[in-house]
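As provided, start30.csv (CSV, C-alpha atoms) reads as follows.
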```csv
chain,number,residue,atom,x,y,z
V,1,MET,CA,-61.8,23.6,128.9
V,2,THR,CA,-63.3,27.0,127.9
V,3,THR,CA,-64.3,29.5,130.6
V,4,VAL,CA,-67.9,30.7,130.6
V,5,TYR,CA,-68.4,33.8,132.5
V,6,ALA,CA,-71.7,35.0,134.1
V,7,TRP,CA,-73.2,38.1,132.6
V,8,PRO,CA,-72.4,41.1,134.9
V,9,PRO,CA,-75.1,42.8,137.0
V,10,VAL,CA,-75.9,45.6,134.5
V,11,GLY,CA,-79.1,47.1,133.1
V,12,ALA,CA,-80.1,46.7,129.5
V,13,VAL,CA,-81.8,49.4,127.5
V,14,GLY,CA,-82.2,47.2,124.5
V,15,SER,CA,-82.3,43.5,123.9
V,16,GLU,CA,-82.9,40.8,121.2
V,17,TRP,CA,-83.3,37.0,121.7
V,18,THR,CA,-83.9,35.1,118.5
V,19,VAL,CA,-82.8,32.1,116.5
V,20,GLU,CA,-81.0,31.5,113.2
V,21,ASP,CA,-81.5,28.5,111.0
V,22,PRO,CA,-79.0,28.4,108.1
V,23,VAL,CA,-80.1,26.6,105.0
V,24,ASN,CA,-78.9,25.8,101.5
V,25,SER,CA,-81.2,26.8,98.7
V,26,SER,CA,-81.0,25.6,95.1
V,27,ARG,CA,-83.2,25.2,92.0
V,28,GLY,CA,-83.6,22.2,89.7
V,29,LEU,CA,-82.2,22.8,86.2
V,30,LEU,CA,-85.0,20.9,84.5
V,31,ASN,CA,-88.0,21.5,86.6
V,32,GLY,CA,-87.1,24.7,88.4
V,33,LYS,CA,-88.2,23.3,91.7
V,34,ARG,CA,-86.9,24.9,94.8
V,35,TYR,CA,-84.9,22.7,97.2
V,36,LEU,CA,-83.9,23.6,100.7
V,37,SER,CA,-81.8,21.8,103.3
V,38,ALA,CA,-80.4,22.7,106.7
V,39,VAL,CA,-76.7,23.2,106.7
V,40,GLN,CA,-76.1,23.9,110.4
V,41,ARG,CA,-78.1,23.4,113.6
V,42,ARG,CA,-80.2,26.2,115.0
V,43,ARG,CA,-78.4,28.7,117.1
V,44,ARG,CA,-79.7,31.4,119.4
V,45,LYS,CA,-78.7,34.9,118.6
V,46,SER,CA,-78.7,37.8,121.1
V,47,THR,CA,-78.1,41.5,121.3
V,48,VAL,CA,-77.8,43.4,124.6
V,49,VAL,CA,-77.5,47.1,124.7
V,50,VAL,CA,-76.1,48.1,128.1
V,51,SER,CA,-76.6,51.5,129.7
V,52,ALA,CA,-73.3,52.9,130.9
V,53,LEU,CA,-75.0,54.5,133.9
V,54,SER,CA,-76.7,51.3,135.1
V,55,ALA,CA,-75.8,49.4,138.2
V,56,GLY,CA,-75.2,52.6,140.2
V,57,LYS,CA,-73.5,54.4,137.3
V,58,VAL,CA,-70.8,51.7,136.8
V,59,GLY,CA,-72.3,49.8,133.8
V,60,ALA,CA,-69.5,51.0,131.5
V,61,GLY,CA,-66.9,49.6,133.9
V,62,TYR,CA,-68.6,46.2,134.0
V,63,CYS,CA,-68.6,46.1,130.2
V,64,GLU,CA,-64.9,46.9,130.1
V,65,VAL,CA,-64.2,44.2,132.6
V,66,LEU,CA,-66.2,41.7,130.6
V,67,LYS,CA,-64.3,42.6,127.5
V,68,ARG,CA,-61.0,41.7,129.2
V,69,LEU,CA,-62.5,38.5,130.7
V,70,LEU,CA,-63.7,37.3,127.2
V,71,ASP,CA,-60.1,37.9,125.9
V,72,GLY,CA,-61.1,38.9,122.5
V,73,GLY,CA,-63.7,36.0,122.1
V,74,VAL,CA,-61.5,33.2,123.5
V,75,ASN,CA,-63.8,32.9,126.5
V,76,LEU,CA,-67.6,32.8,126.5
V,77,VAL,CA,-70.5,34.2,128.5
V,78,ARG,CA,-73.8,32.8,129.8
V,79,LEU,CA,-76.9,34.9,129.0
V,80,LYS,CA,-80.5,34.7,130.1
V,81,SER,CA,-83.3,35.9,127.8
V,82,LEU,CA,-85.0,39.2,128.6
V,83,PRO,CA,-88.7,39.6,127.7
V,84,ILE,CA,-89.4,39.1,124.0
V,85,ASN,CA,-92.7,40.9,124.1
V,86,TRP,CA,-93.0,44.5,125.4
V,87,HIS,CA,-91.1,44.5,128.7
V,88,VAL,CA,-93.5,47.0,130.3
V,89,ASP,CA,-96.3,44.3,130.2
V,90,VAL,CA,-94.2,41.9,132.3
V,91,SER,CA,-92.3,44.3,134.5
V,92,GLY,CA,-94.6,43.9,137.5
V,93,ASP,CA,-94.8,41.2,140.1
V,94,GLN,CA,-95.6,38.0,138.2
V,95,SER,CA,-95.3,35.7,141.2
V,96,TRP,CA,-98.8,34.3,140.7
V,97,ARG,CA,-97.7,32.5,137.5
V,98,ARG,CA,-93.9,32.0,137.9
V,99,GLU,CA,-91.0,31.8,140.3
V,100,VAL,CA,-89.5,35.2,140.9
V,101,GLU,CA,-85.9,35.7,142.3
V,102,LEU,CA,-85.8,38.2,145.1
V,103,GLU,CA,-83.4,41.1,144.6
V,104,TRP,CA,-81.9,42.9,147.7
V,105,GLN,CA,-80.8,46.5,147.5
V,106,GLU,CA,-78.8,48.8,149.7
V,107,GLY,CA,-79.0,52.2,148.1
V,108,ASP,CA,-77.9,51.8,144.5
V,109,LEU,CA,-76.0,48.6,145.2
V,110,ALA,CA,-77.4,45.1,144.7
V,111,LEU,CA,-76.7,42.7,147.6
V,112,SER,CA,-76.2,39.0,147.1
V,113,TRP,CA,-76.6,36.0,149.4
V,114,SER,CA,-73.9,33.4,149.5
V,115,GLU,CA,-73.0,30.2,151.4
V,116,ARG,CA,-69.3,29.5,151.6
V,117,GLY,CA,-68.6,31.5,148.4
V,118,ASP,CA,-71.5,30.0,146.4
V,119,ARG,CA,-74.3,32.2,145.3
V,120,LEU,CA,-77.6,31.5,147.2
V,121,PRO,CA,-80.6,32.8,145.4
V,122,TRP,CA,-84.0,33.4,147.2
V,123,TYR,CA,-87.3,32.9,145.3
V,124,ILE,CA,-91.0,33.6,145.8
V,125,GLY,CA,-93.8,32.6,143.5
V,126,ALA,CA,-95.5,29.7,141.9
V,127,HIS,CA,-94.8,26.3,140.5
V,128,LEU,CA,-98.2,25.5,139.1
V,129,PRO,CA,-99.5,21.9,138.6
V,130,TYR,CA,-100.2,20.9,135.0
V,131,THR,CA,-101.3,17.9,133.0
V,132,LEU,CA,-100.8,17.1,129.3
V,133,ALA,CA,-103.5,18.3,127.0
V,134,ALA,CA,-104.3,16.0,124.1
V,135,GLY,CA,-106.0,16.4,120.7
V,136,LEU,CA,-104.3,19.6,119.6
V,137,SER,CA,-101.9,20.1,116.6
V,138,PHE,CA,-99.1,21.2,118.9
V,139,PRO,CA,-98.0,20.1,122.4
V,140,ALA,CA,-100.1,21.7,125.1
V,141,ILE,CA,-100.6,21.6,128.8
V,142,ARG,CA,-103.6,22.3,131.1
V,143,VAL,CA,-102.4,24.5,134.0
V,144,THR,CA,-104.4,25.0,137.2
V,145,GLY,CA,-104.1,27.2,140.2
V,146,LEU,CA,-104.2,30.5,138.3
V,147,PRO,CA,-106.2,33.6,139.0
V,148,PRO,CA,-109.5,33.5,137.0
V,149,GLY,CA,-110.0,35.4,133.8
V,150,VAL,CA,-106.5,36.8,133.2
V,151,LEU,CA,-103.9,36.6,130.4
V,152,VAL,CA,-101.5,33.9,131.7
V,153,ALA,CA,-99.1,33.4,128.7
V,154,ARG,CA,-98.0,35.2,125.7
V,155,PRO,CA,-96.5,33.8,122.4
V,156,GLY,CA,-92.7,33.9,122.5
V,157,GLU,CA,-92.5,33.6,126.3
V,158,PHE,CA,-91.0,30.6,128.0
V,159,ALA,CA,-92.4,28.0,130.3
V,160,SER,CA,-90.1,26.2,132.7
V,161,PHE,CA,-90.9,22.7,133.9
V,162,ALA,CA,-90.0,20.8,137.1
V,163,ALA,CA,-90.9,17.4,138.5
V,164,THR,CA,-92.1,18.7,141.9
V,165,ASP,CA,-93.5,22.0,143.1
V,166,ALA,CA,-90.1,22.8,144.8
V,167,GLY,CA,-87.9,21.2,142.2
V,168,GLU,CA,-85.3,22.8,139.9
V,169,THR,CA,-86.1,23.5,136.3
V,170,VAL,CA,-85.4,20.5,134.1
V,171,GLU,CA,-86.5,21.8,130.8
V,172,THR,CA,-87.8,25.0,129.2
V,173,HIS,CA,-90.1,25.4,126.2
V,174,MET,CA,-91.4,28.4,124.1
V,175,ILE,CA,-95.0,29.2,124.4
V,176,LEU,CA,-96.8,29.1,121.0
V,177,ASP,CA,-100.0,31.1,121.6
V,178,ALA,CA,-101.7,33.5,124.0
V,179,ALA,CA,-103.6,31.8,126.8
V,180,ARG,CA,-106.2,33.1,129.3
V,181,SER,CA,-107.5,31.4,132.4
V,182,ASP,CA,-111.1,30.4,132.7
V,183,ASP,CA,-113.4,31.2,135.6
V,184,THR,CA,-111.9,28.2,137.6
V,185,GLY,CA,-108.3,29.4,137.2
V,186,ALA,CA,-107.4,26.8,134.6
V,187,ALA,CA,-105.8,27.5,131.2
V,188,VAL,CA,-104.6,25.5,128.2
V,189,VAL,CA,-101.2,26.7,127.1
V,190,LYS,CA,-99.9,25.7,123.7
V,191,LEU,CA,-96.1,25.1,123.3
V,192,MET,CA,-93.7,24.9,120.4
V,193,THR,CA,-92.3,21.7,122.0
V,194,GLY,CA,-93.5,20.1,125.2
V,195,PRO,CA,-92.7,18.0,128.2
V,196,ALA,CA,-93.2,14.2,128.2
V,197,SER,CA,-95.2,14.0,131.4
V,198,ALA,CA,-97.2,15.9,134.0
V,199,GLY,CA,-95.6,18.0,136.7
V,200,PHE,CA,-95.2,21.6,137.7
V,201,VAL,CA,-94.6,24.7,135.5
V,202,SER,CA,-93.7,28.4,135.8
V,203,LEU,CA,-95.0,30.6,133.0
V,204,GLY,CA,-93.3,33.6,131.6
V,205,THR,CA,-89.8,32.6,132.5
V,206,SER,CA,-86.5,32.8,130.7
V,207,GLU,CA,-84.2,30.4,128.8
V,208,THR,CA,-80.5,30.5,129.0
V,209,ALA,CA,-77.5,29.5,126.8
V,210,VAL,CA,-73.8,30.1,126.3
V,211,PHE,CA,-72.6,32.6,123.7
V,212,GLU,CA,-69.6,34.0,122.1
V,213,ALA,CA,-69.3,37.7,121.5
V,214,VAL,CA,-69.3,38.2,117.7
V,215,GLU,CA,-69.3,42.0,118.1
V,216,ILE,CA,-67.3,43.4,121.1
V,217,PRO,CA,-68.4,47.0,121.5
V,218,ARG,CA,-66.4,50.2,121.9
V,219,ALA,CA,-68.3,53.2,123.3
V,220,VAL,CA,-67.3,56.9,123.6
V,221,GLN,CA,-68.4,58.7,126.8
V,222,PRO,CA,-70.1,62.0,126.0
V,223,VAL,CA,-70.2,65.1,128.2
V,224,GLY,CA,-73.3,65.2,130.4
V,225,ALA,CA,-75.3,62.3,129.0
V,226,ASN,CA,-75.7,58.6,129.2
V,227,TRP,CA,-74.1,56.3,126.6
V,228,SER,CA,-74.3,52.6,125.8
V,229,TYR,CA,-72.5,49.4,124.8
V,230,SER,CA,-74.1,47.3,122.1
V,231,TRP,CA,-73.1,43.6,122.4
V,232,THR,CA,-73.9,41.0,119.7
V,233,PHE,CA,-73.8,37.3,120.5
V,234,SER,CA,-74.0,33.9,118.8
V,235,GLU,CA,-74.7,30.6,120.7
V,236,VAL,CA,-71.9,28.1,121.2
V,237,PHE,CA,-72.6,24.4,122.1
V,238,GLU,CA,-70.6,22.5,124.6
V,239,ASP,CA,-69.7,19.7,122.2
V,240,GLU,CA,-68.0,22.3,120.0
V,241,VAL,CA,-65.5,23.2,122.7
V,242,THR,CA,-62.5,20.9,123.5
V,243,GLY,CA,-62.9,19.8,127.1
V,244,GLY,CA,-66.3,21.4,127.6
V,245,PHE,CA,-67.3,24.4,129.7
V,246,VAL,CA,-66.2,25.6,133.1
V,247,GLU,CA,-68.6,28.3,134.5
V,248,VAL,CA,-67.3,31.2,136.6
V,249,ASP,CA,-69.3,33.9,138.2
V,250,PRO,CA,-67.0,36.8,139.1
V,251,TRP,CA,-69.8,39.0,140.5
V,252,THR,CA,-70.8,36.9,143.6
```
Show the structure stored in the file as structure tokens.
Amino acid sequence: MTTVYAWPPVGAVGSEWTVEDPVNSSRGLLNGKRYLSAVQRRRRKSTVVVSALSAGKVGAGYCEVLKRLLDGGVNLVRLKSLPINWHVDVSGDQSWRREVELEWQEGDLALSWSERGDRLPWYIGAHLPYTLAAGLSFPAIRVTGLPPGVLVARPGEFASFAATDAGETVETHMILDAARSDDTGAAVVKLMTGPASAGFVSLGTSETAVFEAVEIPRAVQPVGANWSYSWTFSEVFEDEVTGGFVEVDPWT
């Protein structure tokens, strides 16, 4: 088995969450036609720039600990996507359209809840009812229970789906287009891919995946200023690892 560590509780001052689709390209000798074919499956790619002074001015220490846990790339890390659109637009309380995990603070220190050693998250917010919307060129859902006349979804955000209003997320899909609610608090949200049946959804959430560090940073501490660690990651699939994954969270 390969150990997958949770990402440490540090702040990011820069982030990227994207995909890469490697292809082979060739030209016909006689007709000059262009031929393309996929050579590998799609992989998520991520960059995280960590403030050394985050987490109560111990962000650098967390990065150095993570480097040793990853053991030069032998071990892996689980990441959760940060906002793809401008983070300022989604930095406020979004509990009317999605589930929001509560964060507990004591001074500069983040507090965590646990039950017999296992992390115990607390949430507020909405799981909104939806039905499948037919007749569109891409999958879409009709969501109700929203505030009227507001922007409820942005392209590139994620929607997380559950079977019940208190259920755990069973699948996550990328939102295709911007969507606004009508005067009844309903909105049609187009998706890149979609769920097979009706249920409950949180809008503007995150997706998660397991990554290897393809660029493990070094960072020089200046005198009297902040500095940063720039991490670059590439997705790893569980079927590529002998024995699969075993996930460890050293921070709770």
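Ranking V:Thr169, V:Thr242, V:Thr131, V:Asn31 by their shortest atom-to-atom distance to Ser206 (chain V), with only C-alpha atoms included, puts V:Thr169 first.
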Could you list as a list in words every residue that has an atom within 12 Å of (-58.6, 31.4, 121.4), using the file's coordinates and counting only C-alpha atoms?
->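 The distance filter leaves exactly Met1, Thr2, Thr3, Leu70, Asp71, Gly72, Gly73, Val74, Asn75, Leu76, Glu212, Val241 and Thr242 of chain V.
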Computed gap from CA of Gly204 (chain V) to CA of Phe158 (chain V) is 5.2 Å
Taking 2 positions as the minimum chain separation for residues in the same chain, which residues sit within 8 Å of Val188 (chain V) when counting only C-alpha atoms? Answer as a list in words.
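Final neighbour list, sorted by chain and number: Ala133, Ala140, Ile141, Arg142, Val143, Ala179, Arg180, Ser181, Ala186 and Lys190 of chain V.
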The residue from V:Ser91, V:Val4, V:Lys45, V:Gly156 with the smallest atom-to-atom distance to Glu20 (chain V), counting only C-alpha atoms, is V:Lys45
If you count all atoms listed in the file, the residue of V:Trp86, V:Phe161, V:Phe237, V:Phe200 closest to Gly145 (chain V) turns out to be V:Phe200
CA of Ser197 (chain V) to CA of Ile84 (chain V), straight-line distance in Å: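 Taking CA of Ile84 (chain V) as the start and CA of Ser197 (chain V) as the end point, the length is 26.8 Å.
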One decimal place gives the CA of Gly56 (chain V)-CA of Glu215 (chain V) separation as 25.2 Å
Neighbourhood query: residues within 10 Å of (-93.1, 33.5, 124.3), file coordinates, counting all atoms listed in the file; return as an mmCIF file with C-alpha atoms, in the coordinates of the input.
```
data_model
loop_
_atom_site.group_PDB
_atom_site.id
_atom_site.type_symbol
_atom_site.label_atom_id
_atom_site.label_comp_id
_atom_site.auth_asym_id
_atom_site.auth_seq_id
_atom_site.Cartn_x
_atom_site.Cartn_y
_atom_site.Cartn_z
ATOM 1 C CA PRO V 83 -88.700 39.600 127.700
ATOM 2 C CA ILE V 84 -89.400 39.100 124.000
ATOM 3 C CA ASN V 85 -92.700 40.900 124.100
ATOM 4 C CA ALA V 153 -99.100 33.400 128.700
ATOM 5 C CA ARG V 154 -98.000 35.200 125.700
ATOM 6 C CA PRO V 155 -96.500 33.800 122.400
ATOM 7 C CA GLY V 156 -92.700 33.900 122.500
ATOM 8 C CA GLU V 157 -92.500 33.600 126.300
ATOM 9 C CA PHE V 158 -91.000 30.600 128.000
ATOM 10 C CA ALA V 159 -92.400 28.000 130.300
ATOM 11 C CA HIS V 173 -90.100 25.400 126.200
ATOM 12 C CA MET V 174 -91.400 28.400 124.100
ATOM 13 C CA ILE V 175 -95.000 29.200 124.400
ATOM 14 C CA LEU V 176 -96.800 29.100 121.000
ATOM 15 C CA ASP V 177 -100.000 31.100 121.600
ATOM 16 C CA ALA V 178 -101.700 33.500 124.000
ATOM 17 C CA LEU V 191 -96.100 25.100 123.300
ATOM 18 C CA MET V 192 -93.700 24.900 120.400
ATOM 19 C CA LEU V 203 -95.000 30.600 133.000
ATOM 20 C CA GLY V 204 -93.300 33.600 131.600
ATOM 21 C CA THR V 205 -89.800 32.600 132.500
ATOM 22 C CA SER V 206 -86.500 32.800 130.700
#
```
Report, as lines of an AutoDock Vina configuration file, the centre and edge lengths in Å (one decimal) of the axis-aligned box enclosing every listed atom of region 130-145 of chain V, padded by 4 Å on each side.
```
center_x = -102.0
center_y = 21.6
center_z = 128.4
size_x = 16.0
size_y = 19.2
size_z = 31.6
```
Shell around Pro9 (chain V) at 12 Å using only C-alpha atoms, local window under 3 positions removed, as a ChimeraX atom specification | /V:6,12,50-52,54-63,65-66,79-80,103,109-112,249-252
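Minimum atom-to-atom distances from V:Phe211, V:Thr144, V:Lys33, V:Ser26 to Phe245 (chain V) were compared using only C-alpha atoms, and the lowest value belongs to V:Phe211.
Between Ala163 (chain V) and the residues V:Arg98, V:His87, V:Arg78, V:His127, the shortest atom-to-atom distance, using all atoms listed in the file, involves V:His127.
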